[in-house]
file protein-v6.csv (CSV, C-alpha atoms and all ligand atoms)
chain,number,residue,atom,x,y,z
A,1,MET,CA,-7.7,6.9,-16.8
A,2,ASN,CA,-7.6,3.2,-16.9
A,3,ASP,CA,-4.5,1.5,-15.5
A,4,ALA,CA,-2.7,1.2,-18.8
A,5,TYR,CA,0.6,2.0,-17.1
A,6,LEU,CA,0.3,-1.2,-15.0
A,7,THR,CA,0.5,-3.1,-18.2
A,8,LEU,CA,2.9,-0.9,-20.1
A,9,ALA,CA,5.6,-0.4,-17.4
A,10,PRO,CA,6.3,-4.1,-17.0
A,11,ARG,CA,6.3,-4.6,-20.8
A,12,ILE,CA,8.9,-1.7,-21.1
A,13,LYS,CA,11.0,-3.4,-18.5
A,14,GLY,CA,10.7,-6.7,-20.5
A,15,LEU,CA,11.7,-4.9,-23.8
A,16,ALA,CA,14.7,-3.4,-22.1
A,17,ALA,CA,15.7,-6.8,-20.7
A,18,GLN,CA,15.5,-8.3,-24.1
A,19,ALA,CA,17.8,-5.5,-25.3
A,20,GLY,CA,20.3,-6.4,-22.6
A,21,GLN,CA,19.5,-4.1,-19.8
A,22,ARG,CA,17.8,-4.4,-16.4
A,23,VAL,CA,16.0,-1.1,-15.9
A,24,HIS,CA,13.9,0.8,-13.4
A,25,VAL,CA,10.9,2.5,-15.0
A,26,ARG,CA,9.5,5.5,-13.3
A,27,PHE,CA,6.0,6.7,-14.4
A,28,GLU,CA,4.5,10.1,-14.7
A,29,ALA,CA,0.8,10.3,-15.7
A,30,ALA,CA,-0.2,12.5,-18.7
A,31,LYS,CA,-2.0,15.8,-17.9
A,32,ASP,CA,-5.0,14.7,-19.9
A,33,PRO,CA,-5.1,10.9,-19.4
A,34,LYS,CA,-7.4,8.8,-21.7
A,35,VAL,CA,-8.9,5.4,-21.3
A,36,LEU,CA,-7.1,3.0,-23.8
A,37,THR,CA,-8.5,-0.2,-25.1
A,38,ALA,CA,-6.6,-3.4,-24.8
A,39,GLU,CA,-5.7,-3.2,-28.5
A,40,GLN,CA,-4.4,0.4,-28.1
A,41,ILE,CA,-2.3,-0.7,-25.1
A,42,ASP,CA,-0.9,-3.6,-27.2
A,43,ALA,CA,0.0,-1.2,-30.1
A,44,ALA,CA,1.5,1.5,-27.9
A,45,LEU,CA,5.0,0.0,-27.8
A,46,PRO,CA,7.5,-1.1,-30.4
A,47,LYS,CA,8.1,-4.9,-30.8
A,48,ALA,CA,11.7,-4.5,-29.8
A,49,PHE,CA,14.2,-1.8,-28.7
A,50,THR,CA,17.3,-1.6,-30.8
A,51,THR,CA,18.9,0.5,-28.0
A,52,VAL,CA,17.3,1.1,-24.6
A,53,PRO,CA,15.8,4.7,-24.7
A,54,ALA,CA,15.9,7.1,-21.7
A,55,GLN,CA,12.2,7.8,-22.0
A,56,VAL,CA,9.1,6.3,-23.6
A,57,ASP,CA,6.2,8.8,-24.1
A,58,VAL,CA,2.8,7.1,-24.6
A,59,PRO,CA,0.2,9.8,-25.5
A,60,GLY,CA,-2.8,9.6,-23.3
A,61,VAL,CA,-1.1,7.6,-20.7
A,62,GLY,CA,2.1,9.4,-19.6
A,63,LEU,CA,5.9,9.4,-19.6
A,64,PHE,CA,8.0,6.3,-18.7
A,65,SER,CA,11.6,7.2,-17.7
A,66,LEU,CA,14.1,4.4,-17.8
A,67,THR,CA,17.2,4.1,-15.6
A,68,THR,CA,19.6,1.3,-16.5
A,69,ALA,CA,20.6,-0.8,-13.5
A,70,GLY,CA,22.5,-3.9,-14.6
A,71,PRO,CA,23.0,-6.5,-17.3
A,72,SER,CA,19.9,-8.5,-18.2
A,73,ASP,CA,19.6,-12.2,-17.4
A,74,SER,CA,23.3,-12.7,-16.6
A,75,THR,CA,23.9,-16.0,-14.9
A,76,ASN,CA,27.2,-14.8,-13.6
A,77,ARG,CA,27.0,-15.2,-9.8
A,78,ALA,CA,28.1,-11.6,-9.1
A,79,ASP,CA,25.4,-10.2,-11.4
A,80,VAL,CA,22.6,-12.5,-10.5
A,81,ILE,CA,20.6,-9.9,-8.6
A,82,ARG,CA,22.4,-6.7,-9.7
A,83,GLY,CA,19.8,-4.1,-11.0
A,84,LYS,CA,16.9,-6.4,-10.3
A,85,VAL,CA,13.7,-5.1,-8.6
A,86,ALA,CA,12.8,-7.2,-5.5
A,87,VAL,CA,9.8,-7.0,-3.1
A,88,VAL,CA,10.3,-8.3,0.4
A,89,THR,CA,7.1,-8.6,2.5
A,90,GLY,CA,7.7,-8.3,6.2
A,91,GLY,CA,10.9,-6.6,5.3
A,92,ALA,CA,11.0,-4.2,8.2
A,93,GLN,CA,12.6,-6.7,10.7
A,94,GLY,CA,13.8,-10.2,11.3
A,95,PHE,CA,14.6,-12.4,8.3
A,96,GLY,CA,12.9,-9.9,6.0
A,97,GLU,CA,15.3,-7.1,7.1
A,98,GLU,CA,18.3,-9.4,6.7
A,99,ILE,CA,17.2,-10.4,3.2
A,100,THR,CA,16.6,-6.8,2.3
A,101,ARG,CA,20.1,-5.8,3.4
A,102,GLY,CA,21.6,-8.8,1.6
A,103,LEU,CA,19.8,-8.1,-1.7
A,104,ILE,CA,20.8,-4.4,-1.6
A,105,ALA,CA,24.5,-5.4,-0.9
A,106,ASN,CA,24.3,-7.5,-4.0
A,107,GLY,CA,23.0,-4.6,-6.2
A,108,ALA,CA,19.2,-5.0,-6.1
A,109,PHE,CA,16.5,-2.4,-5.6
A,110,VAL,CA,14.2,-3.5,-2.8
A,111,ALA,CA,10.6,-2.5,-2.0
A,112,VAL,CA,10.3,-3.1,1.8
A,113,ALA,CA,6.6,-4.0,2.1
A,114,ASP,CA,5.4,-4.3,5.7
A,115,MET,CA,2.4,-3.7,7.9
A,116,ASN,CA,4.8,-1.8,10.1
A,117,LEU,CA,5.2,1.2,7.7
A,118,THR,CA,7.2,3.2,10.2
A,119,GLY,CA,9.7,0.4,10.6
A,120,ALA,CA,10.0,0.0,6.8
A,121,GLN,CA,10.5,3.7,6.3
A,122,LYS,CA,13.2,3.8,9.0
A,123,LEU,CA,15.1,1.0,7.3
A,124,VAL,CA,14.7,2.5,3.8
A,125,ALA,CA,15.9,5.9,5.0
A,126,GLU,CA,19.0,4.2,6.5
A,127,LEU,CA,19.7,2.1,3.4
A,128,ASN,CA,19.2,5.0,0.9
A,129,ALA,CA,21.4,7.3,3.0
A,130,LYS,CA,24.1,4.7,3.2
A,131,ALA,CA,24.0,4.1,-0.6
A,132,GLY,CA,23.8,7.8,-1.4
A,133,LYS,CA,20.9,7.0,-3.9
A,134,PRO,CA,17.5,5.4,-3.8
A,135,VAL,CA,18.1,1.6,-3.4
A,136,SER,CA,14.9,0.9,-1.6
A,137,MET,CA,11.3,2.1,-1.1
A,138,ALA,CA,8.9,1.5,1.8
A,139,VAL,CA,5.3,0.3,1.1
A,140,SER,CA,2.5,-0.4,3.5
A,141,VAL,CA,0.8,-3.8,3.1
A,142,ASN,CA,-1.3,-6.3,5.0
A,143,VAL,CA,-0.6,-9.5,3.0
A,144,SER,CA,-3.9,-11.1,4.2
A,145,GLN,CA,-6.0,-8.4,2.5
A,146,GLU,CA,-6.3,-8.5,-1.3
A,147,GLU,CA,-6.9,-4.8,-1.9
A,148,SER,CA,-3.8,-4.0,0.2
A,149,VAL,CA,-1.6,-6.5,-1.7
A,150,GLU,CA,-2.9,-5.2,-5.1
A,151,ALA,CA,-2.2,-1.5,-4.0
A,152,MET,CA,1.3,-2.5,-2.8
A,153,VAL,CA,2.2,-4.2,-6.1
A,154,ASN,CA,0.8,-1.2,-8.1
A,155,ALA,CA,2.9,1.2,-6.0
A,156,VAL,CA,6.0,-0.7,-6.9
A,157,VAL,CA,5.1,-0.8,-10.6
A,158,VAL,CA,4.6,3.0,-10.6
A,159,GLU,CA,7.9,3.6,-8.9
A,160,VAL,CA,10.2,1.1,-10.7
A,161,GLY,CA,8.2,-0.5,-13.5
A,162,GLY,CA,7.9,-4.1,-12.5
A,163,ILE,CA,9.1,-7.0,-10.3
A,164,ASP,CA,11.9,-9.4,-10.9
A,165,LEU,CA,11.9,-11.2,-7.6
A,166,PHE,CA,9.1,-11.4,-5.1
A,167,VAL,CA,10.0,-12.6,-1.6
A,168,ALA,CA,6.9,-13.7,0.3
A,169,ASN,CA,8.4,-13.5,3.8
A,170,ALA,CA,5.8,-12.0,6.1
A,171,GLY,CA,4.7,-14.6,8.5
A,172,VAL,CA,3.2,-15.0,12.1
A,173,LEU,CA,3.0,-17.6,14.8
A,174,LYS,CA,0.6,-18.3,17.6
A,175,ALA,CA,1.9,-21.5,19.3
A,176,MET,CA,-0.5,-23.4,21.5
A,177,PRO,CA,-1.9,-26.9,22.1
A,178,VAL,CA,-4.6,-27.9,19.7
A,179,VAL,CA,-6.9,-28.8,22.7
A,180,ASP,CA,-6.8,-25.1,23.6
A,181,GLN,CA,-6.6,-23.5,20.2
A,182,ASP,CA,-9.3,-20.9,19.4
A,183,VAL,CA,-10.5,-20.6,15.9
A,184,LYS,CA,-9.7,-16.9,15.8
A,185,SER,CA,-5.9,-17.4,16.4
A,186,PHE,CA,-5.9,-20.4,14.0
A,187,GLU,CA,-7.5,-18.3,11.2
A,188,PHE,CA,-5.2,-15.4,11.9
A,189,VAL,CA,-2.1,-17.5,11.3
A,190,THR,CA,-3.7,-19.2,8.2
A,191,ALA,CA,-4.7,-15.8,6.8
A,192,VAL,CA,-1.2,-14.3,6.9
A,193,ASN,CA,1.0,-17.4,6.2
A,194,TYR,CA,-1.2,-19.3,3.7
A,195,THR,CA,-3.8,-16.9,2.2
A,196,GLY,CA,-1.3,-14.1,2.3
A,197,TYR,CA,1.2,-16.1,0.2
A,198,MET,CA,-1.5,-16.9,-2.4
A,199,LEU,CA,-2.5,-13.2,-2.7
A,200,CYS,CA,1.1,-12.1,-3.0
A,201,ALA,CA,1.9,-14.7,-5.7
A,202,LYS,CA,-1.3,-13.8,-7.6
A,203,HIS,CA,-0.5,-10.1,-7.9
A,204,ALA,CA,3.2,-10.5,-8.4
A,205,ALA,CA,2.6,-13.0,-11.1
A,206,ARG,CA,0.3,-10.7,-13.0
A,207,VAL,CA,3.1,-8.1,-13.3
A,208,MET,CA,5.7,-10.8,-14.1
A,209,ARG,CA,3.4,-12.2,-16.9
A,210,GLU,CA,3.5,-8.7,-18.6
A,211,GLN,CA,7.3,-8.6,-18.4
A,212,ALA,CA,7.5,-12.1,-20.0
A,213,LYS,CA,5.4,-10.9,-22.9
A,214,THR,CA,8.2,-8.6,-24.1
A,215,ASN,CA,11.1,-10.6,-22.7
A,216,PRO,CA,10.3,-14.2,-23.6
A,217,ALA,CA,13.9,-15.3,-22.7
A,218,GLY,CA,14.0,-14.0,-19.2
A,219,TRP,CA,13.1,-15.6,-15.9
A,220,THR,CA,11.5,-14.0,-12.8
A,221,ASP,CA,11.2,-15.5,-9.3
A,222,ILE,CA,8.6,-15.9,-6.6
A,223,ILE,CA,10.3,-17.2,-3.4
A,224,GLN,CA,8.3,-18.0,-0.2
A,225,ILE,CA,10.1,-18.0,3.1
A,226,ASN,CA,8.6,-21.1,4.5
A,227,SER,CA,10.1,-22.9,7.6
A,228,LYS,CA,11.4,-26.3,8.7
A,229,SER,CA,7.9,-26.5,10.2
A,230,GLY,CA,6.7,-26.8,6.6
A,231,LEU,CA,8.6,-30.0,6.2
A,232,GLU,CA,7.9,-31.7,9.5
A,233,GLY,CA,5.3,-31.2,12.3
A,234,SER,CA,5.8,-28.7,15.1
A,235,ASN,CA,4.7,-29.7,18.6
A,236,LYS,CA,1.9,-27.5,20.0
A,237,ASN,CA,2.3,-25.3,16.9
A,238,GLY,CA,-0.2,-26.9,14.5
A,239,SER,CA,-1.6,-23.7,13.0
A,240,TYR,CA,1.8,-22.6,12.0
A,241,ALA,CA,3.0,-25.9,10.7
A,242,GLY,CA,-0.3,-26.4,8.8
A,243,SER,CA,0.0,-23.0,7.1
A,244,LYS,CA,3.6,-23.7,6.1
A,245,PHE,CA,2.8,-27.3,4.8
A,246,GLY,CA,0.0,-25.7,2.8
A,247,GLY,CA,2.4,-23.1,1.5
A,248,ILE,CA,4.5,-25.8,-0.1
A,249,GLY,CA,1.4,-27.2,-1.8
A,250,LEU,CA,0.9,-23.7,-3.3
A,251,THR,CA,4.5,-23.4,-4.3
A,252,GLN,CA,4.4,-26.7,-6.2
A,253,SER,CA,1.0,-25.9,-7.9
A,254,PHE,CA,2.0,-22.3,-8.8
A,255,ALA,CA,5.3,-23.6,-10.2
A,256,LEU,CA,3.4,-25.9,-12.6
A,257,GLU,CA,1.1,-23.1,-13.7
A,258,LEU,CA,3.5,-20.1,-13.9
A,259,VAL,CA,6.3,-21.8,-15.7
A,260,SER,CA,4.5,-20.8,-18.9
A,261,TYR,CA,5.2,-17.2,-18.0
A,262,ARG,CA,8.8,-18.0,-17.1
A,263,ILE,CA,8.2,-17.5,-13.4
A,264,LYS,CA,10.0,-19.9,-11.1
A,265,VAL,CA,8.3,-20.5,-7.8
A,266,ASN,CA,10.2,-22.0,-4.8
A,267,SER,CA,10.2,-22.0,-1.0
A,268,ILE,CA,13.1,-21.7,1.4
A,269,CYS,CA,12.6,-23.6,4.7
A,270,PRO,CA,14.9,-22.0,7.4
A,271,GLY,CA,15.6,-23.4,10.8
A,272,ASN,CA,15.2,-21.3,13.9
A,273,PHE,CA,16.6,-17.8,13.7
A,274,PHE,CA,17.7,-17.6,17.4
A,275,ASP,CA,19.3,-14.1,17.0
A,276,GLY,CA,16.1,-12.6,15.5
A,277,PRO,CA,13.4,-10.7,17.4
A,278,LEU,CA,11.0,-13.7,17.4
A,279,TRP,CA,13.4,-15.7,19.7
A,280,SER,CA,15.6,-13.0,21.3
A,281,ASP,CA,13.3,-10.1,22.0
A,282,PRO,CA,14.0,-9.5,25.7
A,283,GLU,CA,10.3,-9.1,26.7
A,284,LYS,CA,8.2,-11.1,24.2
A,285,GLY,CA,10.8,-13.4,22.6
A,286,LEU,CA,10.4,-17.2,22.7
A,287,PHE,CA,13.6,-17.7,24.9
A,288,VAL,CA,12.1,-15.6,27.7
A,289,GLN,CA,8.7,-17.2,27.3
A,290,TYR,CA,10.1,-20.7,27.4
A,291,LEU,CA,12.3,-19.8,30.5
A,292,ASN,CA,9.3,-18.3,32.3
A,293,SER,CA,7.0,-21.2,31.4
A,294,GLY,CA,9.5,-23.8,32.5
A,295,LYS,CA,9.4,-25.5,29.1
A,296,VAL,CA,13.1,-26.4,29.3
A,297,PRO,CA,13.7,-28.6,32.4
A,298,GLY,CA,16.4,-27.2,34.6
A,299,ALA,CA,17.0,-24.0,32.6
A,300,LYS,CA,17.8,-21.0,34.9
A,301,THR,CA,18.7,-18.4,32.3
A,302,ILE,CA,17.9,-17.4,28.7
A,303,GLY,CA,21.4,-18.7,27.9
A,304,ASP,CA,20.4,-22.2,29.2
A,305,VAL,CA,17.3,-22.2,27.0
A,306,LYS,CA,19.3,-21.2,23.9
A,307,VAL,CA,21.9,-24.0,24.5
A,308,PHE,CA,19.0,-26.5,24.8
A,309,TYR,CA,17.6,-25.4,21.4
A,310,GLU,CA,21.0,-25.1,19.7
A,311,ALA,CA,21.8,-28.7,20.7
A,312,LYS,CA,18.9,-29.9,18.5
A,313,VAL,CA,20.8,-28.7,15.4
A,314,PRO,CA,23.6,-30.9,14.1
A,315,MET,CA,25.6,-27.8,13.3
A,316,ASN,CA,24.9,-26.6,16.8
A,317,ARG,CA,23.7,-23.0,15.9
A,318,GLY,CA,20.7,-21.2,14.7
A,319,CYS,CA,19.9,-20.1,11.2
A,320,THR,CA,21.0,-16.6,10.1
A,321,GLY,CA,20.1,-14.1,7.5
A,322,PRO,CA,23.2,-14.8,5.4
A,323,ASP,CA,22.3,-18.6,5.4
A,324,VAL,CA,18.9,-17.7,3.9
A,325,LEU,CA,20.3,-15.2,1.5
A,326,ARG,CA,22.7,-17.9,0.1
A,327,ALA,CA,19.7,-20.2,-0.7
A,328,LEU,CA,17.8,-17.3,-2.2
A,329,LEU,CA,20.7,-16.3,-4.6
A,330,TYR,CA,21.1,-19.9,-5.6
A,331,ILE,CA,17.4,-20.1,-6.5
A,332,VAL,CA,17.6,-17.0,-8.7
A,333,GLU,CA,20.8,-18.2,-10.3
A,334,GLN,CA,19.5,-21.7,-11.0
A,335,GLN,CA,17.6,-21.6,-14.2
A,336,TYR,CA,16.7,-25.3,-14.2
A,337,GLU,CA,14.6,-25.8,-11.0
A,338,THR,CA,11.2,-24.8,-9.8
A,339,GLY,CA,8.5,-26.0,-7.3
A,340,GLN,CA,11.1,-26.9,-4.7
A,341,ALA,CA,11.3,-26.4,-0.9
A,342,ILE,CA,14.9,-26.0,0.1
A,343,PRO,CA,15.8,-26.7,3.8
A,344,VAL,CA,18.4,-24.3,5.4
A,345,THR,CA,18.4,-25.9,8.8
A,346,GLY,CA,22.0,-26.9,9.7
A,347,GLY,CA,21.0,-30.5,9.2
A,348,GLN,CA,18.1,-30.5,11.6
A,349,VAL,CA,15.6,-31.4,8.9
A,350,MET,CA,16.6,-33.7,6.0
A,351,LEU,CA,14.7,-34.4,2.9
A,352,ASN,CA,13.7,-37.9,1.9
A,401,LIG,N1,12.3,-16.6,13.3
A,401,LIG,C1,12.4,-17.9,13.0
A,401,LIG,O1,13.0,-18.7,13.8
A,401,LIG,C2,11.9,-18.5,11.7
A,401,LIG,C3,12.2,-19.8,11.3
A,401,LIG,C4,11.8,-20.3,10.1
A,401,LIG,C5,11.0,-19.6,9.3
A,401,LIG,N2,10.6,-18.3,9.7
A,401,LIG,C6,9.7,-17.5,8.8
A,401,LIG,O2,10.4,-16.4,8.3
A,401,LIG,C7,9.5,-15.3,8.1
A,401,LIG,C8,9.9,-14.1,8.9
A,401,LIG,O3,9.9,-14.5,10.2
A,401,LIG,P1,10.7,-13.5,11.3
A,401,LIG,O4,11.0,-14.4,12.5
A,401,LIG,O5,11.7,-12.8,10.7
A,401,LIG,O6,9.4,-12.6,11.7
A,401,LIG,P2,9.3,-11.3,12.6
A,401,LIG,O7,8.2,-11.4,13.5
A,401,LIG,O8,10.7,-10.9,13.2
A,401,LIG,O9,9.0,-10.2,11.4
A,401,LIG,C9,7.9,-10.3,10.6
A,401,LIG,C10,7.7,-9.1,9.9
A,401,LIG,O10,6.5,-9.3,9.1
A,401,LIG,C11,5.6,-8.2,9.3
A,401,LIG,N3,4.2,-8.7,9.2
A,401,LIG,C12,3.5,-9.5,10.0
A,401,LIG,N4,2.3,-9.7,9.6
A,401,LIG,C13,2.2,-9.0,8.4
A,401,LIG,C14,1.1,-8.8,7.4
A,401,LIG,N5,-0.1,-9.4,7.6
A,401,LIG,N6,1.4,-8.1,6.4
A,401,LIG,C15,2.6,-7.5,6.2
A,401,LIG,N7,3.6,-7.6,7.0
A,401,LIG,C16,3.4,-8.4,8.1
A,401,LIG,C17,5.9,-7.6,10.7
A,401,LIG,O11,5.5,-6.3,10.8
A,401,LIG,C18,7.4,-7.8,10.8
A,401,LIG,O12,8.1,-6.7,10.3
A,401,LIG,C19,8.1,-15.9,8.5
A,401,LIG,O13,7.4,-16.3,7.3
A,401,LIG,C20,8.5,-17.1,9.4
A,401,LIG,O14,7.5,-18.0,9.4
A,401,LIG,C21,11.0,-17.7,10.8

call {"tool": "encode", "arguments": {"input": "protein-v6.csv", "output": "structure tokens", "more": "lines below"}}
Ligand SMILES: NC(=O)c1ccc[n+]([C@@H]2O[C@H](COP(=O)([O-])OP(=O)(O)OC[C@H]3O[C@@H](n4cnc5c(N)ncnc54)[C@H](O)[C@@H]3O)[C@@H](O)[C@H]2O)c1
result
Amino acid sequence: MNDAYLTLAPRIKGLAAQAGQRVHVRFEAAKDPKVLTAEQIDAALPKAFTTVPAQVDVPGVGLFSLTTAGPSDSTNRADVIRGKVAVVTGGAQGFGEEITRGLIANGAFVAVADMNLTGAQKLVAELNAKAGKPVSMAVSVNVSQEESVEAMVNAVVVEVGGIDLFVANAGVLKAMPVVDQDVKSFEFVTAVNYTGYMLCAKHAARVMREQAKTNPAGWTDIIQINSKSGLEGSNKNGSYAGSKFGGIGLTQSFALELVSYRIKVNSICPGNFFDGPLWSDPEKGLFVQYLNSGKVPGAKTIGDVKVFYEAKVPMNRGCTGPDVLRALLYIVEQQYETGQAIPVTGGQVMLN
């Protein structure tokens, strides 16, 4: 069988959206699948749905079952994410976990796509049990490898039919002075934060483009979780800041290109997430590393290091998951903006 379902499922999702419903589309392959030509794929669906059907049977491809999940393209704040399908890379912990929890609390279905599959599965089991129905799925991915990204996106399309919101959140950091930086660690950070974002945007946009063919009035979103280090340099952390500055170049360029498929592309630039594992892990976290290396003069405890970093923020605290979620919901709700990098830094970084 060719992968006709990868084209048809997003188009069915688009047709349903045009008929007023956000749907999840589950696919079951035909017993005797056939290879369809591009023309046969184009002809397989009606031009419009008068009402949203429960199933669409495409002979030679398989059965698409539709579950209605929310109103289509509502700009009402309470409905902005309800019933939408989101993918969150690096969703198993940290900001990704917070975003996943927040999107589900607002009525979305979330594919938690992470290299740490066990962590993603654990989170998904908890969230589905709490909701009493499937509100999330776990998918393994290494965002720096194209085959892995493509397989992850396809797995989401088979399970729920398409993607309304792709959150490119997975990111890594190897801070060190440039005079000591080895090429391997520099390339590792670049591969995940920069190339990984491009690969995710590429494969998400291919699916979103199909949805747009049958729902020419709807918008979808790609949102990169960037950093304040994408807006101003970061001392002894050049590989990270460089990859994040580059990410904003990709966001602006993809925004120009993908607007013709009604895909908005934006970045969110959070400040430091002091309560997340990157900073607060008791063994490997940055607070304990900075305490042990004497980076903060006079600091005797982790608490002293934290106070030092909090004092750099005009609002005197670190960034949290809900802070990032608020920016994310704003971007989805806002239908007249694309290609932006929005700081969420408590005033630590200001645009000019
Ligand atoms: N923590 C902060 O202070 C902070 C501040 C600003 C921006 N950010 C950005 O927010 C994002 C999340 O950061 P975090 O601190 O929550 O990170 P984290 O280290 O707590 O979690 C990152 C998650 O991404 C996964 N991951 C790592 N590499 C991957 C890959 N190649 N493919 C798939 N998954 C991968 C990990 O398994 C993990 O679950 C990153 O892009 C980071 O640059 C973080």

call {"tool": "residues_near_ligand", "arguments": {"input": "protein-v6.csv", "ligand": "ligand LIG 401 (chain A)", "cutoff": "6 Å", "atoms": "only C-alpha atoms and all ligand atoms", "output": "ChimeraX atom specification"}}
result
/A:89-96,114-116,141-144,169-172,192,225-227,270-273,276-278

call {"tool": "write_last_selection", "arguments": {"input": "protein-v6.csv", "atoms": "C-alpha atoms", "output": "PDB file, keeping the file's coordinate frame"}}
result
ATOM      1  CA  THR A  89       7.100  -8.600   2.500  1.00  0.00           C
ATOM      2  CA  GLY A  90       7.700  -8.300   6.200  1.00  0.00           C
ATOM      3  CA  GLY A  91      10.900  -6.600   5.300  1.00  0.00           C
ATOM      4  CA  ALA A  92      11.000  -4.200   8.200  1.00  0.00           C
ATOM      5  CA  GLN A  93      12.600  -6.700  10.700  1.00  0.00           C
ATOM      6  CA  GLY A  94      13.800 -10.200  11.300  1.00  0.00           C
ATOM      7  CA  PHE A  95      14.600 -12.400   8.300  1.00  0.00           C
ATOM      8  CA  GLY A  96      12.900  -9.900   6.000  1.00  0.00           C
ATOM      9  CA  ASP A 114       5.400  -4.300   5.700  1.00  0.00           C
ATOM     10  CA  MET A 115       2.400  -3.700   7.900  1.00  0.00           C
ATOM     11  CA  ASN A 116       4.800  -1.800  10.100  1.00  0.00           C
ATOM     12  CA  VAL A 141       0.800  -3.800   3.100  1.00  0.00           C
ATOM     13  CA  ASN A 142      -1.300  -6.300   5.000  1.00  0.00           C
ATOM     14  CA  VAL A 143      -0.600  -9.500   3.000  1.00  0.00           C
ATOM     15  CA  SER A 144      -3.900 -11.100   4.200  1.00  0.00           C
ATOM     16  CA  ASN A 169       8.400 -13.500   3.800  1.00  0.00           C
ATOM     17  CA  ALA A 170       5.800 -12.000   6.100  1.00  0.00           C
ATOM     18  CA  GLY A 171       4.700 -14.600   8.500  1.00  0.00           C
ATOM     19  CA  VAL A 172       3.200 -15.000  12.100  1.00  0.00           C
ATOM     20  CA  VAL A 192      -1.200 -14.300   6.900  1.00  0.00           C
ATOM     21  CA  ILE A 225      10.100 -18.000   3.100  1.00  0.00           C
ATOM     22  CA  ASN A 226       8.600 -21.100   4.500  1.00  0.00           C
ATOM     23  CA  SER A 227      10.100 -22.900   7.600  1.00  0.00           C
ATOM     24  CA  PRO A 270      14.900 -22.000   7.400  1.00  0.00           C
ATOM     25  CA  GLY A 271      15.600 -23.400  10.800  1.00  0.00           C
ATOM     26  CA  ASN A 272      15.200 -21.300  13.900  1.00  0.00           C
ATOM     27  CA  PHE A 273      16.600 -17.800  13.700  1.00  0.00           C
ATOM     28  CA  GLY A 276      16.100 -12.600  15.500  1.00  0.00           C
ATOM     29  CA  PRO A 277      13.400 -10.700  17.400  1.00  0.00           C
ATOM     30  CA  LEU A 278      11.000 -13.700  17.400  1.00  0.00           C
TER      31      LEU A 278
END

call {"tool": "atom_distance", "arguments": {"input": "protein-v6.csv", "atom1": "atom CA of Val25 of chain A", "atom2": "atom CA of Phe64 of chain A"}}
result
6.0 Å

call {"tool": "closest_residue", "arguments": {"input": "protein-v6.csv", "among": "A:His24, A:Lys306, A:Lys264, A:Lys312", "to": "Ile223 of chain A", "atoms": "all atoms listed in the file"}}
result
A:Lys264

call {"tool": "closest_residue", "arguments": {"input": "protein-v6.csv", "among": "A:Val349, A:Ile263, A:Ala201, A:Ala105", "to": "Val313 of chain A", "atoms": "all atoms listed in the file"}}
result
A:Val349

call {"tool": "axis_aligned_box", "arguments": {"input": "protein-v6.csv", "around": "segment 107-110 of chain A", "padding_each_side": "5 Å", "output": "lines of an AutoDock Vina configuration file"}}
result
center_x = 18.6
center_y = -3.7
center_z = -4.5
size_x = 18.8
size_y = 12.6
size_z = 13.4

call {"tool": "residues_around", "arguments": {"input": "protein-v6.csv", "residues": "segment 342-347 of chain A", "least_positions_apart": "6", "cutoff": "12 Å", "atoms": "only C-alpha atoms", "output": "VMD selection string"}}
result
chain A and resid 223 to 232 248 251 265 to 274 310 to 328 330 to 331

call {"tool": "closest_residue", "arguments": {"input": "protein-v6.csv", "among": "A:Met208, A:Val110, A:Val58, A:Leu123", "to": "Glu159 of chain A", "atoms": "all atoms listed in the file"}}
result
A:Val110

call {"tool": "atom_distance", "arguments": {"input": "protein-v6.csv", "atom1": "atom CA of Leu36 of chain A", "atom2": "atom CA of Gly60 of chain A"}}
result
7.9 Å

call {"tool": "atom_distance", "arguments": {"input": "protein-v6.csv", "atom1": "atom CA of Gln252 of chain A", "atom2": "atom CA of Pro71 of chain A"}}
result
29.6 Å

call {"tool": "closest_residue", "arguments": {"input": "protein-v6.csv", "among": "A:Val189, A:Val139, A:Val85, A:Val124", "to": "Asp221 of chain A", "atoms": "only C-alpha atoms"}}
result
A:Val85

call {"tool": "closest_residue", "arguments": {"input": "protein-v6.csv", "among": "A:Pro10, A:Pro53, A:Pro282, A:Gly303", "to": "Ile163 of chain A", "atoms": "all atoms listed in the file"}}
result
A:Pro10

call {"tool": "residues_around", "arguments": {"input": "protein-v6.csv", "residues": "Asn76 of chain A", "least_positions_apart": "2", "cutoff": "12 Å", "atoms": "all atoms listed in the file", "output": "MDAnalysis selection string"}}
result
chainID A and resid 70:74 78:82 329:330 332:335

call {"tool": "write_last_selection", "arguments": {"input": "protein-v6.csv", "atoms": "C-alpha atoms", "output": "CSV table (one decimal), keeping the file's coordinate frame"}}
result
chain,number,residue,atom,x,y,z
A,70,GLY,CA,22.5,-3.9,-14.6
A,71,PRO,CA,23.0,-6.5,-17.3
A,72,SER,CA,19.9,-8.5,-18.2
A,73,ASP,CA,19.6,-12.2,-17.4
A,74,SER,CA,23.3,-12.7,-16.6
A,78,ALA,CA,28.1,-11.6,-9.1
A,79,ASP,CA,25.4,-10.2,-11.4
A,80,VAL,CA,22.6,-12.5,-10.5
A,81,ILE,CA,20.6,-9.9,-8.6
A,82,ARG,CA,22.4,-6.7,-9.7
A,329,LEU,CA,20.7,-16.3,-4.6
A,330,TYR,CA,21.1,-19.9,-5.6
A,332,VAL,CA,17.6,-17.0,-8.7
A,333,GLU,CA,20.8,-18.2,-10.3
A,334,GLN,CA,19.5,-21.7,-11.0
A,335,GLN,CA,17.6,-21.6,-14.2

call {"tool": "residues_around", "arguments": {"input": "protein-v6.csv", "residues": "Val179 of chain A", "least_positions_apart": "5", "cutoff": "12 Å", "atoms": "only C-alpha atoms", "output": "PyMOL selection string"}}
result
chain A and resi 236-238

call {"tool": "write_last_selection", "arguments": {"input": "protein-v6.csv", "atoms": "C-alpha atoms", "output": "compact mmCIF listing (two decimals), in the coordinates of the input"}}
result
# COMPACT_ATOMS: atom_id res chain seq x y z
CA LYS A 236 1.90 -27.50 20.00
CA ASN A 237 2.30 -25.30 16.90
CA GLY A 238 -0.20 -26.90 14.50
